[in-house]
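Reproduced below: my_file07.txt, with compact mmCIF, C-alpha atoms and all ligand atoms.
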# COMPACT_ATOMS: atom_id res chain seq x y z
CA MET A 7 9.67 -12.09 9.23
CA THR A 8 6.67 -13.97 7.82
CA SER A 9 3.69 -15.59 9.51
CA THR A 10 0.95 -17.76 8.07
CA MET A 11 -2.84 -17.74 7.94
CA THR A 12 -5.10 -20.34 6.39
CA VAL A 13 -6.84 -19.30 3.20
CA ASP A 14 -10.19 -19.37 5.04
CA GLU A 15 -8.85 -17.18 7.86
CA LEU A 16 -7.53 -14.71 5.33
CA GLU A 17 -10.83 -14.67 3.43
CA ARG A 18 -12.74 -14.04 6.66
CA ALA A 19 -10.36 -11.25 7.69
CA VAL A 20 -10.71 -9.52 4.31
CA THR A 21 -14.50 -9.93 4.42
CA ARG A 22 -14.55 -8.28 7.88
CA ILE A 23 -12.46 -5.38 6.58
CA PHE A 24 -14.85 -4.73 3.72
CA ARG A 25 -17.97 -5.22 5.87
CA ARG A 26 -16.59 -2.72 8.40
CA ALA A 27 -16.02 -0.33 5.54
CA GLY A 28 -19.76 -0.47 4.83
CA MET A 29 -19.88 -2.96 1.97
CA ASN A 30 -22.77 -5.38 1.73
CA GLU A 31 -22.24 -9.14 2.01
CA ILE A 32 -22.49 -9.69 -1.77
CA GLN A 33 -19.68 -7.22 -2.53
CA ALA A 34 -17.49 -7.95 0.49
CA GLY A 35 -17.70 -11.74 0.07
CA ALA A 36 -16.91 -11.77 -3.65
CA LEU A 37 -13.95 -9.40 -3.21
CA ALA A 38 -12.57 -11.30 -0.25
CA ARG A 39 -12.68 -14.53 -2.27
CA VAL A 40 -10.58 -13.10 -5.15
CA ILE A 41 -8.11 -11.32 -2.86
CA ALA A 42 -7.59 -14.43 -0.70
CA ALA A 43 -7.26 -16.52 -3.88
CA GLY A 44 -4.63 -14.05 -5.17
CA GLU A 45 -2.53 -14.46 -2.01
CA ARG A 46 -3.09 -18.24 -2.00
CA ASP A 47 -1.81 -18.48 -5.58
CA GLY A 48 1.20 -16.21 -5.04
CA CYS A 49 -0.20 -13.31 -7.10
CA LYS A 50 0.94 -10.45 -4.88
CA SER A 51 -0.07 -7.70 -7.30
CA HIS A 52 -3.73 -8.72 -6.89
CA GLY A 53 -3.78 -9.90 -3.27
CA ILE A 54 -3.82 -8.01 0.02
CA TYR A 55 -2.11 -5.07 -1.67
CA ARG A 56 -5.44 -4.32 -3.44
CA ILE A 57 -7.42 -3.80 -0.20
CA GLU A 58 -6.16 -0.26 0.24
CA GLY A 59 -7.19 0.71 -3.32
CA VAL A 60 -10.64 -0.79 -2.83
CA LEU A 61 -11.13 1.18 0.40
CA ARG A 62 -9.87 4.42 -1.18
CA THR A 63 -12.15 4.00 -4.20
CA LEU A 64 -15.07 3.31 -1.88
CA LYS A 65 -14.29 6.33 0.28
CA ALA A 66 -14.02 8.57 -2.80
CA GLY A 67 -17.55 7.47 -3.75
CA LYS A 68 -16.32 6.05 -7.08
CA VAL A 69 -17.71 2.57 -6.48
CA ARG A 70 -20.84 1.42 -4.63
CA GLY A 71 -20.21 -0.96 -1.77
CA ASP A 72 -23.96 -1.54 -1.37
CA ALA A 73 -24.59 -2.41 -5.02
CA GLU A 74 -26.75 -5.41 -5.85
CA PRO A 75 -25.97 -6.58 -9.38
CA THR A 76 -28.89 -7.55 -11.58
CA LEU A 77 -29.25 -9.99 -14.45
CA GLU A 78 -30.76 -7.98 -17.32
CA PRO A 79 -33.93 -9.76 -18.43
CA GLY A 80 -33.84 -8.41 -22.01
CA ALA A 81 -30.67 -10.19 -23.10
CA ALA A 82 -31.59 -13.58 -24.52
CA GLY A 83 -29.92 -16.25 -26.64
CA ALA A 84 -26.16 -16.44 -26.36
CA ILE A 85 -25.75 -13.03 -24.71
CA VAL A 86 -26.02 -12.74 -20.94
CA ARG A 87 -25.93 -9.21 -19.57
CA VAL A 88 -25.33 -8.31 -15.95
CA ASN A 89 -25.51 -4.78 -14.62
CA ALA A 90 -23.09 -4.40 -11.71
CA ARG A 91 -25.00 -1.23 -10.68
CA GLY A 92 -21.85 0.67 -9.86
CA GLY A 93 -20.38 -2.10 -7.71
CA PHE A 94 -17.46 -4.45 -8.32
CA SER A 95 -17.34 -6.88 -11.24
CA ASN A 96 -16.74 -10.01 -9.15
CA PRO A 97 -20.21 -10.24 -7.55
CA ALA A 98 -21.75 -9.43 -10.95
CA PHE A 99 -19.77 -12.31 -12.48
CA GLU A 100 -20.90 -14.66 -9.70
CA LEU A 101 -24.54 -13.68 -10.36
CA GLY A 102 -24.31 -14.27 -14.12
CA LEU A 103 -22.20 -17.44 -14.03
CA PRO A 104 -25.00 -20.07 -13.86
CA THR A 105 -26.85 -18.46 -16.79
CA LEU A 106 -23.62 -18.15 -18.81
CA VAL A 107 -22.87 -21.84 -18.28
CA GLU A 108 -26.43 -22.85 -19.16
CA ARG A 109 -26.44 -20.74 -22.35
CA ALA A 110 -22.99 -21.97 -23.44
CA ARG A 111 -24.23 -25.55 -23.09
CA GLU A 112 -27.40 -24.71 -25.00
CA HIS A 113 -25.77 -22.78 -27.88
CA GLY A 114 -22.20 -24.11 -27.90
CA LEU A 115 -20.96 -20.65 -26.96
CA ALA A 116 -22.25 -17.72 -24.94
CA ALA A 117 -20.97 -14.36 -23.77
CA MET A 118 -21.51 -12.40 -20.58
CA ALA A 119 -21.29 -8.63 -20.76
CA ILE A 120 -20.90 -6.96 -17.38
CA ASN A 121 -21.67 -3.25 -17.38
CA ASP A 122 -21.08 -0.44 -14.90
CA CYS A 123 -18.51 -2.35 -12.84
CA THR A 124 -15.17 -1.68 -11.19
CA HIS A 125 -12.60 -4.41 -11.93
CA PHE A 126 -9.42 -4.35 -9.85
CA ALA A 127 -8.78 -8.07 -9.73
CA ALA A 128 -7.03 -10.85 -11.62
CA LEU A 129 -9.20 -12.56 -14.27
CA TRP A 130 -8.14 -16.16 -13.68
CA PRO A 131 -10.70 -16.78 -10.87
CA GLU A 132 -13.45 -16.11 -13.42
CA ILE A 133 -11.77 -18.32 -16.02
CA GLU A 134 -11.38 -21.17 -13.53
CA ALA A 135 -15.06 -20.86 -12.58
CA LEU A 136 -15.89 -21.68 -16.21
CA THR A 137 -13.29 -24.38 -16.85
CA ALA A 138 -14.69 -26.11 -13.73
CA HIS A 139 -17.86 -26.59 -15.81
CA GLY A 140 -15.92 -28.13 -18.70
CA LEU A 141 -16.00 -24.93 -20.77
CA ALA A 142 -13.20 -23.07 -22.50
CA ALA A 143 -13.25 -19.39 -21.61
CA LEU A 144 -11.90 -15.97 -22.51
CA ALA A 145 -12.19 -12.85 -20.34
CA MET A 146 -11.08 -9.28 -20.94
CA CYS A 147 -11.65 -5.75 -19.71
CA PRO A 148 -10.29 -2.25 -20.25
CA SER A 149 -8.82 -0.36 -17.28
CA TYR A 150 -7.81 3.31 -17.54
CA ALA A 151 -5.47 5.15 -19.90
CA ALA A 152 -1.98 4.26 -18.66
CA VAL A 153 -0.32 2.59 -21.66
CA ALA A 154 1.04 4.21 -24.84
CA PRO A 155 0.01 2.58 -28.12
CA ALA A 156 3.03 1.16 -30.00
CA GLY A 157 4.64 4.08 -31.83
CA GLY A 158 3.07 6.63 -29.45
CA ALA A 159 4.34 8.12 -26.20
CA LYS A 160 1.27 9.15 -24.21
CA PRO A 161 -1.06 7.04 -22.04
CA LEU A 162 -4.17 6.02 -23.97
CA LEU A 163 -4.86 2.29 -23.70
CA GLY A 164 -5.44 0.44 -20.44
CA THR A 165 -3.31 -2.38 -19.06
CA ASN A 166 -6.23 -4.40 -20.45
CA PRO A 167 -5.93 -7.97 -19.17
CA LEU A 168 -6.73 -10.99 -21.32
CA ALA A 169 -7.25 -14.42 -19.83
CA PHE A 170 -7.99 -17.80 -21.39
CA GLY A 171 -8.77 -21.21 -19.98
CA TRP A 172 -9.10 -24.75 -21.32
CA PRO A 173 -10.64 -27.46 -19.14
CA ARG A 174 -8.52 -30.57 -18.51
CA PRO A 175 -10.39 -33.58 -17.18
CA GLY A 176 -8.56 -34.83 -14.08
CA ALA A 177 -6.00 -32.00 -14.07
CA ASP A 178 -5.76 -28.29 -13.31
CA PRO A 179 -7.00 -26.30 -16.30
CA TYR A 180 -4.68 -24.65 -18.79
CA VAL A 181 -5.03 -20.95 -17.90
CA PHE A 182 -3.13 -17.86 -18.87
CA ASP A 183 -3.96 -14.41 -17.60
CA PHE A 184 -1.90 -11.31 -18.31
CA ALA A 185 -2.00 -7.60 -18.85
CA THR A 186 -1.46 -6.48 -22.45
CA SER A 187 1.08 -4.00 -21.08
CA VAL A 188 4.52 -5.51 -20.44
CA ALA A 189 3.49 -5.88 -16.78
CA ALA A 190 0.43 -5.07 -14.69
CA ARG A 191 0.44 -1.57 -13.17
CA GLY A 192 0.33 -3.24 -9.76
CA GLU A 193 3.80 -4.67 -10.44
CA ILE A 194 5.18 -1.16 -10.97
CA GLU A 195 3.50 0.14 -7.81
CA LEU A 196 4.86 -2.79 -5.76
CA ARG A 197 8.38 -2.03 -7.04
CA ARG A 198 7.94 1.67 -6.22
CA ARG A 199 7.03 0.76 -2.64
CA ALA A 200 9.96 -1.64 -2.36
CA GLY A 201 12.40 0.98 -3.72
CA GLN A 202 13.27 -1.23 -6.71
CA ARG A 203 14.05 -0.25 -10.30
CA LEU A 204 11.99 -1.53 -13.24
CA PRO A 205 13.27 -3.98 -15.83
CA GLU A 206 14.18 -2.39 -19.17
CA GLY A 207 11.32 -1.94 -21.64
CA TRP A 208 8.45 -1.59 -19.18
CA ALA A 209 7.77 2.13 -19.38
CA ILE A 210 8.64 5.62 -20.61
CA ASP A 211 8.64 8.87 -18.62
CA ALA A 212 6.41 11.88 -19.25
CA GLU A 213 8.85 13.10 -21.95
CA GLY A 214 8.67 9.76 -23.75
CA ASN A 215 12.15 8.56 -22.71
CA PRO A 216 12.74 4.99 -21.50
CA THR A 217 12.81 4.82 -17.69
CA ASP A 218 13.50 2.27 -14.97
CA ASP A 219 12.17 4.60 -12.25
CA PRO A 220 8.71 3.46 -11.03
CA GLU A 221 7.69 7.06 -10.11
CA ALA A 222 8.60 8.32 -13.57
CA ALA A 223 6.86 5.33 -15.16
CA LEU A 224 3.64 5.96 -13.23
CA ALA A 225 3.76 9.62 -14.29
CA GLY A 226 4.64 8.68 -17.88
CA ALA A 227 3.30 5.72 -19.81
CA MET A 228 3.60 1.97 -19.66
CA LEU A 229 4.50 0.02 -22.81
CA THR A 230 2.56 -2.78 -24.49
CA PHE A 231 3.94 -6.33 -24.52
CA GLY A 232 5.24 -7.42 -27.90
CA GLY A 233 5.19 -3.87 -29.32
CA HIS A 234 2.55 -3.50 -32.05
CA LYS A 235 1.08 -6.95 -31.25
CA GLY A 236 0.17 -6.14 -27.64
CA SER A 237 -0.98 -2.72 -28.77
CA ALA A 238 -3.44 -4.28 -31.25
CA ILE A 239 -4.73 -6.80 -28.69
CA ALA A 240 -5.22 -4.02 -26.13
CA THR A 241 -7.14 -2.06 -28.79
CA MET A 242 -9.29 -5.12 -29.52
CA ILE A 243 -10.16 -5.26 -25.81
CA GLU A 244 -11.16 -1.58 -25.87
CA LEU A 245 -13.44 -2.40 -28.82
CA LEU A 246 -15.00 -5.65 -27.58
CA ALA A 247 -15.19 -5.02 -23.82
CA GLY A 248 -15.74 -1.25 -24.11
CA VAL A 249 -17.29 0.01 -27.33
CA MET A 250 -19.17 -3.18 -28.30
CA ILE A 251 -20.84 -3.74 -24.93
CA GLY A 252 -21.76 -0.07 -24.61
CA ASP A 253 -19.34 0.73 -21.81
CA LEU A 254 -16.32 2.95 -21.22
CA THR A 255 -13.00 2.64 -23.00
CA SER A 256 -9.82 3.20 -20.94
CA PRO A 257 -9.43 6.91 -21.89
CA GLU A 258 -13.12 7.45 -21.07
CA ALA A 259 -12.74 5.57 -17.78
CA LEU A 260 -9.80 7.79 -16.79
CA GLU A 261 -11.75 10.91 -17.72
CA ALA A 262 -14.69 9.75 -15.59
CA LEU A 263 -12.42 8.86 -12.65
CA GLY A 264 -10.10 11.86 -12.90
CA THR A 265 -7.11 10.05 -11.32
CA THR A 266 -4.96 6.95 -11.66
CA THR A 267 -4.91 6.42 -7.90
CA LEU A 268 -8.38 4.83 -7.70
CA ALA A 269 -9.91 1.79 -9.39
CA PRO A 270 -11.77 2.64 -12.60
CA ALA A 271 -15.33 1.72 -13.60
CA HIS A 272 -15.98 0.24 -17.06
CA GLY A 273 -17.29 -3.08 -18.42
CA GLU A 274 -16.06 -6.62 -18.87
CA LEU A 275 -16.64 -9.34 -21.48
CA ILE A 276 -16.45 -13.06 -20.77
CA LEU A 277 -16.86 -15.74 -23.45
CA ALA A 278 -17.67 -19.38 -22.68
CA LEU A 279 -17.25 -22.09 -25.33
CA SER A 280 -18.08 -25.78 -25.32
CA PRO A 281 -15.19 -27.79 -26.84
CA GLU A 282 -17.50 -30.79 -27.40
CA ALA A 283 -20.01 -28.66 -29.32
CA PHE A 284 -17.34 -27.19 -31.62
CA ALA A 285 -15.59 -30.54 -32.17
CA ALA A 286 -18.81 -32.50 -32.78
CA GLY A 287 -18.63 -34.47 -36.01
CA ARG A 288 -14.90 -33.84 -36.42
CA PRO A 289 -12.22 -36.48 -35.90
CA GLY A 290 -10.59 -36.87 -32.48
CA ASP A 291 -11.51 -36.06 -28.90
CA PRO A 292 -10.69 -32.36 -28.29
CA PHE A 293 -9.60 -33.02 -24.71
CA ALA A 294 -7.25 -35.86 -25.66
CA ARG A 295 -5.80 -33.76 -28.49
CA ALA A 296 -5.26 -30.84 -26.09
CA GLU A 297 -3.42 -33.16 -23.68
CA ALA A 298 -1.09 -34.27 -26.48
CA LEU A 299 -0.29 -30.61 -27.19
CA PHE A 300 0.38 -29.82 -23.52
CA ALA A 301 2.60 -32.91 -23.24
CA ALA A 302 4.60 -31.80 -26.30
CA ILE A 303 5.08 -28.33 -24.80
CA LYS A 304 6.30 -29.82 -21.54
CA ALA A 305 8.50 -32.34 -23.33
CA GLN A 306 10.64 -29.39 -24.46
CA GLY A 307 11.22 -28.38 -20.85
CA ALA A 308 8.70 -25.51 -21.04
CA ARG A 309 6.11 -25.02 -18.34
CA LEU A 310 2.43 -24.36 -18.83
CA PRO A 311 1.03 -21.00 -17.67
CA SER A 312 -0.55 -21.21 -14.21
CA GLU A 313 1.71 -24.08 -13.08
CA ARG A 314 3.54 -21.65 -10.78
CA ARG A 315 0.15 -20.57 -9.40
CA TYR A 316 -1.06 -24.12 -8.87
CA ALA A 317 2.17 -24.98 -7.04
CA ALA A 318 1.76 -21.90 -4.82
CA ARG A 319 -1.86 -22.91 -4.20
CA ALA A 320 -0.91 -26.42 -3.15
CA ARG A 321 1.71 -24.97 -0.75
CA ALA A 322 -0.73 -22.43 0.71
CA LEU A 323 -3.44 -25.04 1.22
CA ALA A 324 -0.97 -27.33 2.99
CA GLU A 325 1.04 -24.78 4.98
CA GLY A 326 -1.05 -21.61 5.00
CA VAL A 327 -0.59 -18.31 3.20
CA ALA A 328 2.74 -16.69 4.06
CA LEU A 329 2.37 -13.00 4.93
CA SER A 330 5.12 -10.52 5.66
CA ALA A 331 5.06 -8.53 8.92
CA ASP A 332 4.01 -5.46 6.89
CA GLU A 333 1.14 -7.32 5.25
CA ARG A 334 -0.04 -8.67 8.59
CA ALA A 335 0.14 -5.18 10.13
CA ALA A 336 -1.78 -3.71 7.18
CA LEU A 337 -4.55 -6.28 7.65
CA GLY A 338 -4.84 -5.34 11.34
CA ARG A 339 -4.82 -1.62 10.52
CA PHE A 340 -7.52 -1.95 7.87
CA GLU A 341 -9.65 -4.01 10.22
CA GLU A 342 -9.43 -1.35 12.93
CA LEU A 343 -9.90 1.58 10.61
CA GLY A 344 -12.95 0.73 8.57
CA LEU A 345 -13.56 3.66 6.24
CA ASP A 346 -12.75 6.50 8.65
P1 LIG A 401 2.46 -12.08 -15.62
O1 LIG A 401 3.32 -11.54 -16.68
O2 LIG A 401 3.02 -12.18 -14.26
O3 LIG A 401 1.94 -13.57 -15.95
C1 LIG A 401 1.12 -13.79 -17.00
C2 LIG A 401 0.74 -15.22 -17.27
O4 LIG A 401 1.85 -15.86 -17.87
C3 LIG A 401 0.34 -16.07 -16.08
O5 LIG A 401 -0.71 -16.92 -16.49
C4 LIG A 401 1.63 -16.83 -15.79
O6 LIG A 401 1.43 -18.07 -15.13
C5 LIG A 401 2.17 -17.05 -17.16
N1 LIG A 401 3.61 -17.22 -17.19
C6 LIG A 401 4.56 -16.43 -16.61
N2 LIG A 401 5.79 -16.92 -16.86
C7 LIG A 401 5.62 -18.04 -17.62
C8 LIG A 401 6.51 -18.98 -18.19
N3 LIG A 401 7.82 -18.86 -18.04
N4 LIG A 401 5.99 -20.01 -18.89
C9 LIG A 401 4.65 -20.12 -19.05
N5 LIG A 401 3.76 -19.27 -18.53
C10 LIG A 401 4.23 -18.23 -17.82
O7 LIG A 401 1.08 -11.24 -15.60
P2 LIG A 401 0.81 -9.68 -15.64
O8 LIG A 401 1.72 -8.93 -14.73
O9 LIG A 401 0.72 -9.22 -17.04
O10 LIG A 401 -0.68 -9.66 -14.99
C11 LIG A 401 -0.87 -10.06 -13.65
C12 LIG A 401 -2.33 -10.02 -13.29
O11 LIG A 401 -2.82 -8.70 -13.36
C13 LIG A 401 -3.26 -10.86 -14.15
O12 LIG A 401 -3.91 -11.76 -13.30
C14 LIG A 401 -4.25 -9.86 -14.73
O13 LIG A 401 -5.59 -10.33 -14.83
C15 LIG A 401 -4.18 -8.74 -13.71
N6 LIG A 401 -4.60 -7.46 -14.28
C16 LIG A 401 -5.85 -7.00 -14.02
C17 LIG A 401 -6.28 -5.82 -14.57
C18 LIG A 401 -7.67 -5.33 -14.34
O14 LIG A 401 -8.04 -4.29 -14.87
N7 LIG A 401 -8.49 -6.02 -13.59
C19 LIG A 401 -5.40 -4.99 -15.40
C20 LIG A 401 -4.11 -5.60 -15.63
C21 LIG A 401 -3.71 -6.79 -15.08
P3 LIG A 401 1.84 -18.20 -13.55
O15 LIG A 401 0.82 -17.35 -12.83
O16 LIG A 401 1.74 -19.64 -13.24
O17 LIG A 401 3.23 -17.66 -13.41
O1 LIG A 402 -2.35 -4.03 -12.23
O2 LIG A 402 -2.64 -2.97 -14.14
C1 LIG A 402 -3.06 -3.43 -13.07
C2 LIG A 402 -4.49 -3.30 -12.77
C3 LIG A 402 -5.35 -2.33 -13.21
C4 LIG A 402 -6.57 -2.63 -12.64
C5 LIG A 402 -6.40 -3.76 -11.90
N1 LIG A 402 -5.13 -4.17 -11.99

What is this file in structure tokens?
Ligand code: NDP
Ligand code: PYC
Amino acid sequence: MTSTMTVDELERAVTRIFRRAGMNEIQAGALARVIAAGERDGCKSHGIYRIEGVLRTLKAGKVRGDAEPTLEPGAAGAIVRVNARGGFSNPAFELGLPTLVERAREHGLAAMAINDCTHFAALWPEIEALTAHGLAALAMCPSYAAVAPAGGAKPLLGTNPLAFGWPRPGADPYVFDFATSVAARGEIELRRRAGQRLPEGWAIDAEGNPTDDPEAALAGAMLTFGGHKGSAIATMIELLAGVMIGDLTSPEALEALGTTTLAPAHGELILALSPEAFAAGRPGDPFARAEALFAAIKAQGARLPSERRYAARARALAEGVALSADERAALGRFEELGLD
């Protein structure tokens, strides 16, 4: 049986849960916004299901619920640096966003490096925050060693998400956001809980054999999407959003955390680009040309990434967010429990 809540009600309920668990308003509010947005957009692997992991990570002392991110004064020009101070990445992103937008407008492109953060969320909320300012955007972060490099059989790379957005005047932005593993780890965990098998090609067991058993997959290694191609992109993310910004790679994050049952701390890199600045002096309006490309894609019967999400969003805003009885009960339980 399902029941509904408005997006605002859900956001307030999640904020209360995190406040009761001892988080400050900055952390609790930012997390509640991305979790409620995940449910609103039909992204179950990064919605309510993530509350439990946040609370466990908090209780284990692996993330600071009282952290106040700071904008590093030393980073000038096109580089914006935010120190999350051991808290979650989302409030750090919110703090750095206005400066990132300002610098991207000033220079044509700018990058925000977030250090010392825990990122458990989907990346598209950050991408949409930038496309709303008319900027194209890329975001990426490591996670913890859970994915075998193509040709290998042991966890080393993270599920390393990569997200991109292109602003569309008068329409929802073009946004894709995916793990560089075949699926996000959250998808495997959700199938484990539901007693379902995994599709072929998602994972190998601890002996390196293909498996459709979620338990064996979680104990073994996940596989990269597109074989060597996903493996190389995941490695690029380790380099740019780990090594380059002076933060942890996925194997280092796992070593620091000591378990795959909590959310890892590492860094994140977000790039913002001004299409007008790059297209200046060249023929054609970049936004009109992009629309022609999207129309051609759709003319073949294909859909654009995020269209499913936008449809779910429209439904949730009109009818409320549909929650299962289990999800509703979990919300109540978390609200009663706090951190104890
Ligand atoms: P999916 O494979 O479910 O979806 C990836 C993207 O592809 C979405 O933008 C989706 O749009 C789009 N898409 C799916 N099917 C089609 C289609 N037929 N045609 C066009 N576009 C399509 O994502 P993942 O399981 O790989 O990742 C889920 C989430 O997990 C992401 O939000 C990611 O950021 C997050 N994640 C976060 C991590 C972290 O460390 N913070 C680590 C790993 C993942 P639509 O949504 O509209 O279906
Ligand atoms: O689903 O792979 C995942 C994930 C890792 C960290 C946040 N989400």

Exercise for review: Pick out the closest residue to ligand LIG 402 (chain A) from this set: A:Gly192, A:Pro167, A:Gly287, A:Pro104. Count only C-alpha atoms and all ligand atoms.
Suggested key: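 The closest residue to ligand LIG 402 (chain A) is A:Gly192.
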
Quick one: which chain A residues come within 7 Å of ligand LIG 401 (chain A), and what is the nearest atom pair for each with the distance in Å to one decimal, counting all atoms listed in the file, rows ordered by chain and ascending number, as a Markdown table?
| residue | atom | partner | partner_atom | distance |
| --- | --- | --- | --- | --- |
| A:Ser51 | CA | A:LIG401 | O11 | 6.7 |
| A:His52 | CA | A:LIG401 | O11 | 6.5 |
| A:His125 | CA | A:LIG401 | N7 | 4.7 |
| A:Phe126 | CA | A:LIG401 | N7 | 4.2 |
| A:Ala127 | CA | A:LIG401 | N7 | 4.4 |
| A:Ala128 | CA | A:LIG401 | O13 | 3.6 |
| A:Leu129 | CA | A:LIG401 | O13 | 4.3 |
| A:Trp130 | CA | A:LIG401 | O12 | 6.1 |
| A:Cys147 | CA | A:LIG401 | O14 | 6.2 |
| A:Pro148 | CA | A:LIG401 | O14 | 6.2 |
| A:Ser149 | CA | A:LIG401 | O14 | 4.7 |
| A:Thr165 | CA | A:LIG401 | C20 | 4.8 |
| A:Asn166 | CA | A:LIG401 | C19 | 5.2 |
| A:Pro167 | CA | A:LIG401 | C20 | 4.6 |
| A:Leu168 | CA | A:LIG401 | O13 | 6.6 |
| A:Ala169 | CA | A:LIG401 | O13 | 6.7 |
| A:Val181 | CA | A:LIG401 | O5 | 6.1 |
| A:Phe182 | CA | A:LIG401 | O5 | 3.5 |
| A:Asp183 | CA | A:LIG401 | O5 | 4.3 |
| A:Phe184 | CA | A:LIG401 | O9 | 3.6 |
| A:Ala185 | CA | A:LIG401 | O9 | 3.6 |
| A:Thr186 | CA | A:LIG401 | O9 | 6.4 |
| A:Ser187 | CA | A:LIG401 | O9 | 6.6 |
| A:Val188 | CA | A:LIG401 | O9 | 6.3 |
| A:Ala189 | CA | A:LIG401 | O8 | 4.1 |
| A:Ala190 | CA | A:LIG401 | O8 | 4.1 |
| A:Arg191 | CA | A:LIG401 | C20 | 6.6 |
| A:Glu193 | CA | A:LIG401 | O8 | 6.4 |
| A:Ala308 | CA | A:LIG401 | N4 | 6.5 |
| A:Arg309 | CA | A:LIG401 | N4 | 5.0 |
| A:Leu310 | CA | A:LIG401 | C9 | 4.8 |
| A:Pro311 | CA | A:LIG401 | N5 | 3.3 |
| A:Ser312 | CA | A:LIG401 | O16 | 2.9 |
| A:Glu313 | CA | A:LIG401 | O16 | 4.4 |
| A:Arg314 | CA | A:LIG401 | O16 | 3.7 |
| A:Arg315 | CA | A:LIG401 | O16 | 4.3 |
| A:Tyr316 | CA | A:LIG401 | O16 | 6.9 |

Check your understanding: What is the distance, in Å and to one decimal place, between CA of Gln33 in chain A and CA of Glu134 in chain A?
Key -> 19.6 Å

Proximity check range 14-129 of chain A to range 264-286 of chain A, 7 Å, nearest pairs one decimal Å, only C-alpha atoms, as CSV:
residue,atom,partner,partner_atom,distance
A:Gly59,CA,A:Leu268,CA,6.1
A:Arg62,CA,A:Leu268,CA,6.7
A:Thr63,CA,A:Leu268,CA,5.2
A:Ala110,CA,A:Ala278,CA,6.0
A:Arg111,CA,A:Ser280,CA,6.5
A:Gly114,CA,A:Ser280,CA,5.1
A:Leu115,CA,A:Leu279,CA,4.3
A:Ala116,CA,A:Ala278,CA,5.4
A:Ala117,CA,A:Leu277,CA,4.3
A:Met118,CA,A:Ile276,CA,5.1
A:Ala119,CA,A:Leu275,CA,4.8
A:Ile120,CA,A:Glu274,CA,5.1
A:Asn121,CA,A:Gly273,CA,4.5
A:Asp122,CA,A:His272,CA,5.6
A:Cys123,CA,A:Ala271,CA,5.2
A:Thr124,CA,A:Ala271,CA,4.2
A:His125,CA,A:Ala271,CA,6.9
A:Phe126,CA,A:Ala269,CA,6.2

Point to revise | Answer as a VMD selection string, residues within 12 Å of (1.8, -24.1, 1.8) using all atoms listed in the file | key: chain A and resid 9 to 13 45 to 48 315 to 329

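For the set A:Ile194, A:Ala154, A:Leu144, A:Ala38, the residue with the smallest atom-to-atom gap to ligand LIG 402 (chain A) is A:Ile194, counting only C-alpha atoms and all ligand atoms.
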
Check your understanding: Hey, can you check how far CA of Gly338 in chain A sits from CA of Glu17 in chain A?
Key ->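 Taking CA of Gly338 in chain A and CA of Glu17 in chain A, their separation equals 13.6 Å.
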
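By chain and then residue number, the residues within 10 Å of Leu61 in chain A are Ile23, Phe24, Ala27, Gly28, Met29, Arg56, Ile57, Glu58, Leu64, Lys65, Ala66, Gly67, Val69, Gly71, Leu268, Ala269, Phe340, Gly344, Leu345 and Asp346 of chain A, counting only C-alpha atoms and disregarding those fewer than 3 positions away in sequence.
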
Please dump the current selection as a tab-separated table (two decimals), in the frame of the given file; keep C-alpha atoms.
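Just written: selection.tsv:
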chain	number	residue	atom	x	y	z
A	23	ILE	CA	-12.46	-5.38	6.58
A	24	PHE	CA	-14.85	-4.73	3.72
A	27	ALA	CA	-16.02	-0.33	5.54
A	28	GLY	CA	-19.76	-0.47	4.83
A	29	MET	CA	-19.88	-2.96	1.97
A	56	ARG	CA	-5.44	-4.32	-3.44
A	57	ILE	CA	-7.42	-3.80	-0.20
A	58	GLU	CA	-6.16	-0.26	0.24
A	64	LEU	CA	-15.07	3.31	-1.88
A	65	LYS	CA	-14.29	6.33	0.28
A	66	ALA	CA	-14.02	8.57	-2.80
A	67	GLY	CA	-17.55	7.47	-3.75
A	69	VAL	CA	-17.71	2.57	-6.48
A	71	GLY	CA	-20.21	-0.96	-1.77
A	268	LEU	CA	-8.38	4.83	-7.70
A	269	ALA	CA	-9.91	1.79	-9.39
A	340	PHE	CA	-7.52	-1.95	7.87
A	344	GLY	CA	-12.95	0.73	8.57
A	345	LEU	CA	-13.56	3.66	6.24
A	346	ASP	CA	-12.75	6.50	8.65

Practice item. Would you mind telling me which residue in A:Val88, A:Ala238, A:Ala152, A:Leu37 lies nearest to ligand LIG 402 (chain A) when using only C-alpha atoms and all ligand atoms? Key: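 So, comparing all the options, the nearest one is A:Ala152.
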
Exercise for review: Could you check how far CA of Met250 in chain A sits from CA of Val40 in chain A, in Å to one decimal?
Suggested key: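 Between CA of Met250 in chain A and CA of Val40 in chain A the gap works out to 26.6 Å.
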
**Study point:** Point (13.1, -6.8, -21.1), cut-off 12 Å, counting all atoms listed in the file, residues as a count of residues only
**Key:** 15

Review point. Taking into account only C-alpha atoms and all ligand atoms, which residue in the set A:Val153, A:Ala43, A:Val249, A:Met7 is nearest to ligand LIG 402 (chain A)?
Key: A:Val153

Check your understanding: Any idea what's packed within 12 Å of Pro79 in chain A, counting all atoms listed in the file, ignoring anything in its chain fewer than 6 positions away? Could you give it as a list of chain:residue names?
Key ->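 After dropping sequence-adjacent residues, the list is A:Ile85, A:Val86, A:Arg87, A:Val88, A:Asn89, A:Gly102, A:Thr105.
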
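Between ligand LIG 402 (chain A) and the candidates A:Ala177, A:Ala225, A:Ile239, A:Ala151, the tightest atom-to-atom separation, counting all atoms listed in the file, involves A:Ala151.
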